[in-house]
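Peer 1: Contents of upload.txt (compact mmCIF, C-alpha atoms and all ligand atoms):
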# COMPACT_ATOMS: atom_id res chain seq x y z
CA MET A 1 19.76 -5.20 -40.74
CA GLY A 2 18.17 -6.49 -43.96
CA LEU A 3 18.71 -3.55 -46.26
CA PRO A 4 22.02 -2.91 -47.92
CA PRO A 5 23.30 0.38 -46.47
CA ASP A 6 23.20 2.20 -49.84
CA GLU A 7 19.53 1.56 -50.26
CA LEU A 8 18.91 2.53 -46.67
CA VAL A 9 20.74 5.81 -47.23
CA GLN A 10 18.72 6.57 -50.35
CA ARG A 11 15.44 5.82 -48.71
CA LEU A 12 16.47 7.83 -45.66
CA PHE A 13 17.33 10.83 -47.81
CA ALA A 14 14.01 10.44 -49.59
CA GLY A 15 12.37 11.01 -46.22
CA GLU A 16 10.84 7.56 -45.75
CA ARG A 17 9.78 7.09 -42.17
CA ARG A 18 10.43 3.35 -42.19
CA ALA A 19 13.96 3.87 -43.43
CA LEU A 20 14.48 6.46 -40.70
CA ALA A 21 13.23 4.00 -38.07
CA LYS A 22 15.62 1.35 -39.40
CA ALA A 23 18.52 3.76 -39.46
CA ILE A 24 17.88 4.70 -35.84
CA THR A 25 17.68 1.03 -34.85
CA LEU A 26 21.05 0.59 -36.53
CA VAL A 27 22.69 3.39 -34.54
CA GLU A 28 21.18 2.03 -31.33
CA SER A 29 22.65 -1.41 -31.92
CA MET A 30 25.60 -2.51 -29.82
CA ARG A 31 26.89 -5.04 -32.36
CA PRO A 32 30.33 -4.02 -33.63
CA ASP A 33 29.43 -4.66 -37.30
CA HIS A 34 26.26 -2.58 -36.90
CA ARG A 35 28.30 0.12 -35.24
CA GLU A 36 30.54 0.27 -38.26
CA GLN A 37 27.57 0.55 -40.60
CA ALA A 38 26.10 3.19 -38.32
CA GLU A 39 29.25 5.29 -38.45
CA SER A 40 29.31 5.26 -42.25
CA LEU A 41 25.61 6.04 -42.37
CA LEU A 42 26.11 9.01 -40.04
CA GLN A 43 29.04 10.24 -42.08
CA ALA A 44 26.97 10.03 -45.27
CA ALA A 45 24.13 11.87 -43.54
CA LEU A 46 26.31 14.66 -42.17
CA PRO A 47 26.03 17.09 -45.14
CA ARG A 48 22.25 16.94 -44.83
CA THR A 49 22.15 17.70 -41.14
CA GLY A 50 21.97 20.93 -39.17
CA ASN A 51 18.94 22.44 -40.83
CA ALA A 52 16.25 21.60 -38.32
CA ILE A 53 14.99 23.70 -35.47
CA ARG A 54 15.98 21.61 -32.45
CA VAL A 55 13.75 22.10 -29.43
CA GLY A 56 14.22 20.45 -26.03
CA ILE A 57 11.22 20.08 -23.73
CA SER A 58 11.45 18.93 -20.14
CA GLY A 59 9.10 18.64 -17.22
CA VAL A 60 7.96 16.22 -14.54
CA PRO A 61 5.65 13.36 -15.50
CA GLY A 62 2.09 14.65 -15.74
CA VAL A 63 2.97 18.26 -16.47
CA GLY A 64 1.53 17.90 -19.96
CA LYS A 65 4.51 17.33 -22.25
CA SER A 66 2.82 14.91 -24.62
CA THR A 67 -0.38 16.94 -24.74
CA PHE A 68 1.66 20.03 -25.57
CA ILE A 69 3.94 18.34 -28.10
CA GLU A 70 0.97 16.81 -29.87
CA GLY A 71 -0.80 20.17 -30.12
CA LEU A 72 2.34 21.95 -31.21
CA GLY A 73 3.18 19.20 -33.67
CA LEU A 74 -0.20 19.23 -35.37
CA TRP A 75 -0.07 23.03 -35.52
CA LEU A 76 3.39 22.92 -37.12
CA ILE A 77 2.39 20.26 -39.63
CA ALA A 78 -0.60 22.37 -40.64
CA ARG A 79 1.94 25.07 -41.47
CA GLY A 80 4.00 22.82 -43.72
CA HIS A 81 6.59 21.53 -41.27
CA ARG A 82 7.70 17.94 -40.77
CA LEU A 83 8.17 17.06 -37.14
CA ALA A 84 10.20 14.39 -35.37
CA VAL A 85 9.84 13.70 -31.65
CA LEU A 86 12.62 11.91 -29.81
CA ALA A 87 12.86 11.05 -26.14
CA VAL A 88 15.61 10.88 -23.55
CA ASP A 89 14.19 8.85 -20.71
CA PRO A 90 16.59 7.83 -17.96
CA SER A 91 13.94 5.56 -16.42
CA SER A 92 14.17 3.28 -19.44
CA SER A 93 17.77 2.52 -18.51
CA ILE A 94 17.28 2.10 -14.77
CA SER A 95 14.12 0.04 -14.47
CA GLY A 96 13.65 -1.13 -18.05
CA GLY A 97 10.25 0.55 -17.78
CA SER A 98 9.78 3.93 -19.29
CA ILE A 99 8.06 7.11 -18.19
CA LEU A 100 7.94 8.50 -21.71
CA GLY A 101 7.66 5.39 -23.84
CA ASP A 102 3.95 4.65 -23.48
CA LYS A 103 2.61 3.83 -26.93
CA THR A 104 -0.73 5.53 -26.51
CA ARG A 105 0.85 8.95 -26.20
CA MET A 106 0.39 11.47 -28.98
CA GLU A 107 -1.98 9.26 -30.89
CA ALA A 108 -3.21 11.81 -33.42
CA LEU A 109 0.30 13.01 -34.12
CA SER A 110 1.75 9.52 -34.50
CA GLN A 111 -0.73 8.71 -37.25
CA HIS A 112 0.35 11.68 -39.28
CA THR A 113 2.64 11.02 -42.24
CA GLU A 114 4.53 14.24 -41.59
CA ALA A 115 5.38 13.20 -38.04
CA PHE A 116 7.88 10.71 -36.71
CA ILE A 117 7.84 9.67 -33.06
CA ARG A 118 10.53 7.55 -31.47
CA PRO A 119 10.67 6.44 -27.84
CA SER A 120 13.84 6.47 -25.79
CA PRO A 121 16.30 3.63 -26.46
CA ALA A 122 15.95 1.18 -23.57
CA GLY A 123 18.50 -0.68 -21.53
CA LYS A 124 21.32 1.82 -21.80
CA THR A 125 23.06 4.21 -19.49
CA LEU A 126 22.01 7.85 -19.68
CA GLY A 127 25.23 8.50 -21.61
CA GLY A 128 24.27 5.80 -24.10
CA VAL A 129 20.71 7.06 -24.40
CA ALA A 130 21.94 10.62 -24.98
CA ALA A 131 24.51 9.54 -27.59
CA ASN A 132 21.90 7.50 -29.46
CA THR A 133 19.41 10.35 -29.33
CA ARG A 134 21.92 12.82 -30.76
CA GLU A 135 22.60 10.46 -33.61
CA ALA A 136 18.88 9.90 -34.13
CA LEU A 137 18.44 13.67 -34.28
CA LEU A 138 20.95 13.92 -37.11
CA LEU A 139 19.22 11.09 -38.96
CA CYS A 140 15.87 12.86 -38.61
CA GLU A 141 17.42 15.96 -40.17
CA ALA A 142 18.88 13.92 -43.00
CA ALA A 143 15.40 12.53 -43.60
CA GLY A 144 14.10 16.06 -44.06
CA PHE A 145 12.37 16.64 -40.73
CA ASP A 146 12.76 20.37 -40.19
CA VAL A 147 11.62 20.47 -36.57
CA VAL A 148 12.98 18.00 -34.04
CA ILE A 149 11.65 17.96 -30.51
CA VAL A 150 13.66 16.12 -27.88
CA GLU A 151 11.59 15.38 -24.83
CA THR A 152 12.80 14.41 -21.39
CA VAL A 153 11.51 14.01 -17.86
CA GLY A 154 12.54 16.37 -15.12
CA VAL A 155 14.71 13.88 -13.31
CA GLY A 156 18.41 13.11 -13.27
CA GLN A 157 20.98 14.54 -15.60
CA SER A 158 18.86 14.03 -18.69
CA GLU A 159 17.97 17.70 -18.87
CA THR A 160 21.60 18.73 -19.20
CA ALA A 161 22.00 16.19 -21.98
CA VAL A 162 18.95 17.46 -23.85
CA ALA A 163 19.89 21.14 -23.43
CA GLY A 164 23.28 20.15 -24.88
CA MET A 165 21.77 18.84 -28.11
CA THR A 166 19.05 21.42 -28.81
CA ASP A 167 18.89 25.07 -29.87
CA PHE A 168 16.05 25.99 -27.57
CA PHE A 169 15.45 24.25 -24.27
CA CYS A 170 12.29 24.86 -22.29
CA LEU A 171 10.92 23.73 -19.01
CA LEU A 172 7.25 22.92 -18.57
CA GLN A 173 5.89 23.80 -15.15
CA LEU A 174 2.72 23.21 -13.22
CA PRO A 175 1.04 26.36 -11.96
CA ASN A 176 1.88 25.81 -8.29
CA ALA A 177 3.29 28.88 -6.76
CA GLY A 178 5.17 28.58 -3.51
CA ASP A 179 8.45 27.65 -1.98
CA ASP A 180 8.68 24.32 -3.72
CA LEU A 181 8.48 25.77 -7.19
CA GLN A 182 9.93 23.00 -9.31
CA ALA A 183 11.38 25.48 -11.77
CA LEU A 184 13.83 26.74 -9.24
CA LYS A 185 15.58 23.42 -8.96
CA LYS A 186 19.10 24.64 -9.10
CA GLY A 187 20.90 24.11 -12.32
CA VAL A 188 17.98 23.29 -14.56
CA VAL A 189 16.40 26.71 -14.77
CA GLU A 190 19.74 28.07 -15.85
CA LEU A 191 19.60 25.84 -18.91
CA ALA A 192 16.19 27.11 -19.96
CA ASP A 193 15.52 29.45 -22.87
CA ALA A 194 11.92 29.71 -21.66
CA ILE A 195 9.80 28.58 -18.76
CA VAL A 196 6.33 27.47 -19.82
CA ILE A 197 3.58 27.26 -17.23
CA ASN A 198 1.01 24.73 -18.41
CA LYS A 199 -2.57 24.00 -17.25
CA VAL A 200 -3.28 27.67 -16.78
CA ASP A 201 -6.97 26.82 -17.30
CA ILE A 202 -7.10 25.05 -13.93
CA ASP A 203 -6.21 28.07 -11.83
CA PRO A 204 -5.31 31.26 -13.70
CA GLY A 205 -4.65 33.11 -10.44
CA ALA A 206 -2.09 30.58 -9.23
CA ALA A 207 -0.50 30.59 -12.67
CA SER A 208 -0.04 34.36 -12.57
CA LEU A 209 1.50 34.13 -9.13
CA ALA A 210 3.86 31.40 -10.28
CA GLU A 211 4.72 33.48 -13.33
CA ALA A 212 5.68 36.46 -11.18
CA GLN A 213 7.76 34.31 -8.85
CA ILE A 214 9.60 32.58 -11.66
CA ARG A 215 10.21 35.87 -13.40
CA SER A 216 11.78 37.44 -10.34
CA ALA A 217 13.85 34.32 -9.65
CA LEU A 218 15.09 34.31 -13.24
CA GLY A 219 16.25 37.87 -12.77
CA LEU A 220 18.74 36.69 -10.16
CA LEU A 221 20.29 33.98 -12.32
CA LYS A 222 23.16 34.29 -14.67
CA ARG A 223 21.94 34.38 -18.22
CA LEU A 224 22.70 31.56 -20.63
CA HIS A 225 22.93 33.90 -23.61
CA GLU A 226 23.64 37.58 -23.36
CA GLU A 227 21.24 38.27 -26.18
CA TRP A 228 18.25 36.41 -24.78
CA VAL A 229 16.16 36.94 -21.66
CA PRO A 230 14.22 33.71 -20.99
CA PRO A 231 10.53 34.59 -20.97
CA VAL A 232 7.86 32.98 -18.80
CA LEU A 233 4.89 31.85 -20.89
CA LYS A 234 1.48 30.67 -19.75
CA ILE A 235 -0.31 28.06 -21.81
CA SER A 236 -3.05 25.49 -21.72
CA ALA A 237 -1.95 22.51 -23.74
CA ARG A 238 -5.33 20.86 -23.40
CA LYS A 239 -7.15 23.90 -24.75
CA HIS A 240 -4.52 24.53 -27.41
CA GLU A 241 -3.83 27.96 -25.99
CA GLY A 242 -0.38 29.45 -26.30
CA VAL A 243 1.01 27.28 -29.10
CA GLU A 244 1.58 30.17 -31.47
CA ALA A 245 3.14 32.37 -28.78
CA PHE A 246 5.45 29.52 -27.89
CA TRP A 247 6.57 28.99 -31.47
CA ASN A 248 7.12 32.71 -31.97
CA THR A 249 9.35 32.64 -28.89
CA VAL A 250 11.41 29.81 -30.37
CA LEU A 251 11.82 31.77 -33.59
CA ALA A 252 12.64 35.01 -31.76
CA GLN A 253 15.41 33.37 -29.72
CA ARG A 254 16.81 31.92 -32.90
CA GLU A 255 16.87 35.28 -34.61
CA ALA A 256 18.41 37.02 -31.59
CA LEU A 257 21.20 34.45 -31.36
CA LYS A 258 21.83 34.40 -35.08
CA GLU A 259 22.22 38.15 -35.18
CA THR A 260 25.34 38.05 -33.03
CA GLY A 261 26.74 34.72 -34.22
CA ALA A 262 25.87 33.10 -30.88
CA PHE A 263 23.69 30.53 -32.61
CA GLU A 264 26.48 29.10 -34.74
CA ALA A 265 28.85 29.30 -31.77
CA LYS A 266 26.40 27.26 -29.68
CA ARG A 267 26.05 24.60 -32.36
CA ARG A 268 29.82 24.40 -32.77
CA ALA A 269 30.39 24.13 -29.02
CA GLN A 270 27.74 21.40 -28.79
CA ALA A 271 29.46 19.39 -31.50
CA VAL A 272 32.83 19.64 -29.77
CA ASP A 273 31.31 18.80 -26.37
CA TRP A 274 29.74 15.78 -27.96
CA MET A 275 33.05 14.64 -29.35
CA TRP A 276 34.52 14.91 -25.86
CA ALA A 277 31.64 12.99 -24.34
CA LEU A 278 32.26 10.24 -26.89
CA ILE A 279 35.98 10.24 -26.12
CA GLU A 280 35.26 9.93 -22.42
CA ASN A 281 32.77 7.12 -23.01
CA GLY A 282 35.27 5.38 -25.27
CA LEU A 283 38.08 5.68 -22.76
CA LYS A 284 35.87 4.32 -20.00
CA ALA A 285 34.80 1.39 -22.14
CA ARG A 286 38.41 0.64 -23.05
CA PHE A 287 39.44 0.82 -19.43
CA HIS A 288 36.79 -1.69 -18.39
CA ALA A 289 37.52 -4.00 -21.32
CA ASN A 290 41.27 -4.04 -20.71
CA PRO A 291 42.38 -7.51 -19.46
CA ALA A 292 45.13 -6.10 -17.22
CA VAL A 293 42.61 -3.77 -15.58
CA ARG A 294 40.05 -6.53 -15.15
CA GLU A 295 42.61 -8.71 -13.47
CA ALA A 296 43.44 -6.12 -10.80
CA LEU A 297 40.19 -4.20 -10.47
CA ALA A 298 38.43 -6.27 -7.81
CA SER A 299 41.39 -6.60 -5.48
CA THR A 300 42.36 -2.95 -5.89
CA SER A 301 38.89 -1.61 -5.18
CA ASP A 302 38.66 -3.99 -2.24
CA ALA A 303 41.91 -2.57 -0.85
CA VAL A 304 40.52 0.95 -1.25
CA ALA A 305 37.29 -0.04 0.48
CA ARG A 306 39.24 -1.51 3.44
CA GLY A 307 41.29 1.65 3.74
CA ALA A 308 44.49 -0.20 2.93
CA LEU A 309 45.17 1.73 -0.25
CA ALA A 310 44.67 5.43 -0.95
CA PRO A 311 42.14 6.04 -3.78
CA GLY A 312 44.60 8.25 -5.63
CA ILE A 313 47.31 5.61 -5.67
CA ALA A 314 44.79 2.92 -6.64
CA ALA A 315 43.52 4.99 -9.57
CA ALA A 316 47.05 5.72 -10.76
CA GLN A 317 47.99 2.03 -10.59
CA LEU A 318 44.93 0.96 -12.57
CA LEU A 319 45.33 3.68 -15.18
CA ARG A 320 48.95 2.68 -15.70
CA ARG A 321 47.70 -0.75 -16.73
CA ILE A 322 46.07 0.58 -19.92
CA GLU A 323 49.17 2.40 -21.10
P1 LIG B 1 3.33 14.23 -19.56
O1 LIG B 1 3.52 13.09 -18.61
O2 LIG B 1 4.15 15.40 -19.16
O3 LIG B 1 3.52 13.85 -21.00
O4 LIG B 1 1.82 14.74 -19.40
P2 LIG B 1 0.53 14.45 -20.31
O5 LIG B 1 0.56 15.24 -21.55
O6 LIG B 1 0.34 12.99 -20.43
O7 LIG B 1 -0.60 15.10 -19.40
C1 LIG B 1 -0.93 14.61 -18.12
C2 LIG B 1 -2.37 14.93 -17.81
O8 LIG B 1 -2.56 16.33 -17.75
C3 LIG B 1 -3.32 14.42 -18.88
O9 LIG B 1 -4.47 13.92 -18.24
C4 LIG B 1 -3.64 15.65 -19.68
O10 LIG B 1 -4.92 15.59 -20.29
C5 LIG B 1 -3.60 16.73 -18.62
N1 LIG B 1 -3.28 18.04 -19.20
C6 LIG B 1 -2.27 18.34 -20.07
N2 LIG B 1 -2.29 19.65 -20.38
C7 LIG B 1 -3.31 20.20 -19.70
C8 LIG B 1 -3.86 21.55 -19.61
O11 LIG B 1 -3.39 22.49 -20.24
N3 LIG B 1 -4.93 21.72 -18.78
C9 LIG B 1 -5.47 20.70 -18.08
N4 LIG B 1 -6.50 20.97 -17.29
N5 LIG B 1 -5.00 19.45 -18.13
C10 LIG B 1 -3.94 19.19 -18.93
Can you turn what I pasted into structure tokens?
Peer 2:
Amino acid sequence: MGLPPDELVQRLFAGERRALAKAITLVESMRPDHREQAESLLQAALPRTGNAIRVGISGVPGVGKSTFIEGLGLWLIARGHRLAVLAVDPSSSISGGSILGDKTRMEALSQHTEAFIRPSPAGKTLGGVAANTREALLLCEAAGFDVVIVETVGVGQSETAVAGMTDFFCLLQLPNAGDDLQALKKGVVELADAIVINKVDIDPGAASLAEAQIRSALGLLKRLHEEWVPPVLKISARKHEGVEAFWNTVLAQREALKETGAFEAKRRAQAVDWMWALIENGLKARFHANPAVREALASTSDAVARGALAPGIAAAQLLRRIE
């Protein structure tokens, strides 16, 4: 990786963007020696982590995520913040292409010295992408970025992953009212700390209708946090309308959760969940790498496929091979 780790750590702590980029490349690497360096880097960074406001933003392609993040980012920087934007893009692992990775996005923001923008790591499973992004988030904090936005597209399980690594998760919506309201996709709305209807400038009437529908639907759902009722906000990212209201909402949720201790509890639970996700990934990797498993895997799964062997027995037999 060129730099000796000590120098990398120092430059990272000094807030150098290039050192941060290198550190993230290191944690994304699959090479075992890099992995070892990455672990010691992360351990060294740990005392300097935890201080950022971590915001997750999701929404279908075209809803206006990059327009919104750019506007919000420039607004935050003007108020003295340093902003990092990370992405969790499952399409980069499936097709190799990326929905979020386009280099021309957020051009004004990316040129700013107080901003750091990193596309989704490519060529990995969603689990791998999410693990790398969590580690990247910690590195951004260690480099002194006090706001970290993690962006994802409204497909697959990526939203769950992003909600699990951020303090405030919000869903960007188009102002289409009606039965097919994307926000009501089961499971995702329940993760949201706010629903944000974008492009209100196009059709304010439709946006108000959508707002009312989402609000009444939210009333029927179980709340994520007792102390926080997810609001529905209307914004126009293109016209820079609603940025301040959005940020005040982020801060208000934070205050409400901190008052009861729910904020710290959420962070702690996220850290433990992450450890478990890593254990599960590690066990899976060990299972697949085990020579005794590899030897029997094809014939055993073939027997299951033919109906000659019950799946439960097959699984037990294979698992016994790693003991
Ligand atoms: P993303 O795929 O979610 O990142 O969406 P983009 O930010 O790239 O936006 C997609 C398109 O919607 C672009 O052409 C934007 O200019 C446009 N757009 C974004 N926000 C607004 C808005 O508030 N009003 C209008 N009219 N267009 C918007």
Peer 1: Can you tell me which residues surround range 154-167 of chain A at a distance of at most 8 Å, considering all atoms listed in the file, apart from same-chain residues fewer than 6 positions away, and format the answer as a PyMOL selection string?
Peer 2: chain A and resi 53-56+58-61+88-90+126+130+134+188+191-192+254+263+266-267+270
Peer 1: Counting all atoms listed in the file, which residues in chain A sit no more than 12 Å from ligand LIG 1 (chain B)? For each one, give the nearest pair of atoms and the distance in Å, sorted by chain then residue number, as a tab-separated table.
Peer 2:
residue	atom	partner	partner_atom	distance
A:Ile57	CA	B:LIG1	O2	9.6
A:Ser58	CA	B:LIG1	O2	8.2
A:Gly59	CA	B:LIG1	O2	6.2
A:Val60	CA	B:LIG1	O2	6.0
A:Pro61	CA	B:LIG1	O1	3.8
A:Gly62	CA	B:LIG1	O1	3.6
A:Val63	CA	B:LIG1	O2	4.1
A:Gly64	CA	B:LIG1	O4	3.2
A:Lys65	CA	B:LIG1	O2	3.7
A:Ser66	CA	B:LIG1	O5	3.8
A:Thr67	CA	B:LIG1	O5	3.7
A:Phe68	CA	B:LIG1	O5	6.3
A:Ile69	CA	B:LIG1	O5	8.0
A:Glu70	CA	B:LIG1	O5	8.5
A:Gly71	CA	B:LIG1	N2	9.9
A:Leu72	CA	B:LIG1	O5	11.9
A:Ala87	CA	B:LIG1	O3	11.0
A:Asp89	CA	B:LIG1	O1	11.7
A:Ser98	CA	B:LIG1	O1	11.1
A:Ile99	CA	B:LIG1	O1	7.5
A:Leu100	CA	B:LIG1	O3	7.0
A:Gly101	CA	B:LIG1	O3	9.8
A:Asp102	CA	B:LIG1	O3	9.5
A:Lys103	CA	B:LIG1	O6	11.5
A:Thr104	CA	B:LIG1	O6	9.7
A:Arg105	CA	B:LIG1	O6	7.1
A:Met106	CA	B:LIG1	O5	8.3
A:Glu107	CA	B:LIG1	O6	11.3
A:Glu151	CA	B:LIG1	O3	9.1
A:Thr152	CA	B:LIG1	O2	9.0
A:Val153	CA	B:LIG1	O2	7.6
A:Gly154	CA	B:LIG1	O2	9.4
A:Leu171	CA	B:LIG1	O2	10.7
A:Leu172	CA	B:LIG1	O2	8.2
A:Gln173	CA	B:LIG1	O2	9.5
A:Leu174	CA	B:LIG1	C8	9.3
A:Pro175	CA	B:LIG1	O11	10.2
A:Val196	CA	B:LIG1	O11	10.9
A:Ile197	CA	B:LIG1	O11	9.0
A:Asn198	CA	B:LIG1	O11	5.3
A:Lys199	CA	B:LIG1	O11	3.4
A:Val200	CA	B:LIG1	O11	6.2
A:Asp201	CA	B:LIG1	N3	5.7
A:Ile202	CA	B:LIG1	N4	5.3
A:Asp203	CA	B:LIG1	N4	9.0
A:Pro204	CA	B:LIG1	N3	10.8
A:Ala207	CA	B:LIG1	O11	11.5
A:Lys234	CA	B:LIG1	O11	9.5
A:Ile235	CA	B:LIG1	O11	6.6
A:Ser236	CA	B:LIG1	O11	3.4
A:Ala237	CA	B:LIG1	O11	3.8
A:Arg238	CA	B:LIG1	O11	4.1
A:Lys239	CA	B:LIG1	O11	6.0
A:His240	CA	B:LIG1	O11	7.5
A:Glu241	CA	B:LIG1	O11	7.9
A:Gly242	CA	B:LIG1	O11	9.7
A:Val243	CA	B:LIG1	O11	11.0
Peer 1: Please report, as JSON, the centre and edge lengths in Å to one decimal of an axis-aligned box covering all listed atoms of range 65-70 of chain A with 5 Å per side.
Peer 2:
{"center_x": 2.1, "center_y": 17.5, "center_z": -26.1, "size_x": 14.9, "size_y": 15.1, "size_z": 17.6}
Peer 1: Excluding Ala303 in chain A and any residue of its chain fewer than 6 positions from it, enumerate the residues within 12 Å of it, using all atoms listed in the file, and give them as a ChimeraX atom specification.
Peer 2: /A:296-297,309-311,313-315
Peer 1: Can you check which parts of range 226-306 of chain A lie within 12 Å of range 143-148 of chain A? Per residue, the shortest pair of atoms and distance in Å to one decimal, counting all atoms listed in the file, sorted by chain and number, as JSON lines.
Peer 2:
{"residue": "A:Trp247", "atom": "CA", "partner": "A:Val147", "partner_atom": "CA", "distance": 11.1}
{"residue": "A:Val250", "atom": "CA", "partner": "A:Val147", "partner_atom": "CA", "distance": 11.2}
{"residue": "A:Leu251", "atom": "CA", "partner": "A:Val147", "partner_atom": "CA", "distance": 11.7}
Peer 1: Would you be able to write out as a list in words which residues have an atom within 8 Å of (25.2, 29.1, -15.1) in the file's coordinates, counting all atoms listed in the file?
Peer 2: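 Output: Gly187, Glu190, Leu191, Leu221, Lys222, Arg223 and Leu224 of chain A.
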Peer 1: List the neighbours of range 256-260 of chain A out to 8 Å using only C-alpha atoms; skip same-chain residues closer than 2 positions along the sequence, and give me the result as a list in words.
Peer 2: His225, Glu227, Trp228, Ala252, Gln253, Arg254, Ala262, Phe263 and Glu264 of chain A
Peer 1: Include C-alpha atoms and write out the residues we just selected as a PDB file, keeping the file's coordinate frame.
Peer 2:
ATOM      1  CA  HIS A 225      22.930  33.900 -23.610  1.00  0.00           C
ATOM      2  CA  GLU A 227      21.240  38.270 -26.180  1.00  0.00           C
ATOM      3  CA  TRP A 228      18.250  36.410 -24.780  1.00  0.00           C
ATOM      4  CA  ALA A 252      12.640  35.010 -31.760  1.00  0.00           C
ATOM      5  CA  GLN A 253      15.410  33.370 -29.720  1.00  0.00           C
ATOM      6  CA  ARG A 254      16.810  31.920 -32.900  1.00  0.00           C
ATOM      7  CA  ALA A 262      25.870  33.100 -30.880  1.00  0.00           C
ATOM      8  CA  PHE A 263      23.690  30.530 -32.610  1.00  0.00           C
ATOM      9  CA  GLU A 264      26.480  29.100 -34.740  1.00  0.00           C
TER      10      GLU A 264
END
Peer 1: Would you list the contacts of range 15-31 of chain A as a ChimeraX atom specification, taking every protein, DNA or RNA residue within 7 Å and counting all atoms listed in the file, but skipping same-chain residues closer than 5 positions in sequence?
Peer 2: /A:8,38,116,132,136,139-140,143-144
Peer 1: Pick out the closest residue to Ala316 in chain A from this set: A:Ala206, A:Val293, A:Leu283, A:Cys170. Count all atoms listed in the file.
Peer 2: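 Distance minimum relative to Ala316 in chain A lands on A:Val293.
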Peer 1: Could you check how far CA of Pro231 in chain A sits from CA of Trp274 in chain A, in Å to one decimal?
Peer 2: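 Separating CA of Pro231 in chain A from CA of Trp274 in chain A is a distance of 27.8 Å.
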Peer 1: With all atoms listed in the file as the atoms that count, which of A:Asn281, A:Ala131, A:Ala142, A:Val150 lies nearest to Arg118 in chain A?
Peer 2: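 Of all the options, A:Val150 lies closest to Arg118 in chain A.
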Peer 1: Between CA of Gly80 in chain A and CA of Glu114 in chain A, measure the distance and give it in Å to one decimal.
Peer 2: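 A separation of 8.9 Å between them.
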Peer 1: Residues at most 12 Å from Glu295 in chain A, counting all atoms listed in the file, excluding those fewer than 6 positions away in the same chain, as a list of chain:residue names?
Peer 2: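 Listing them by chain and then by number gives A:Phe287, A:His288, A:Ala289, A:Ser301, A:Leu318, A:Arg321, A:Ile322.
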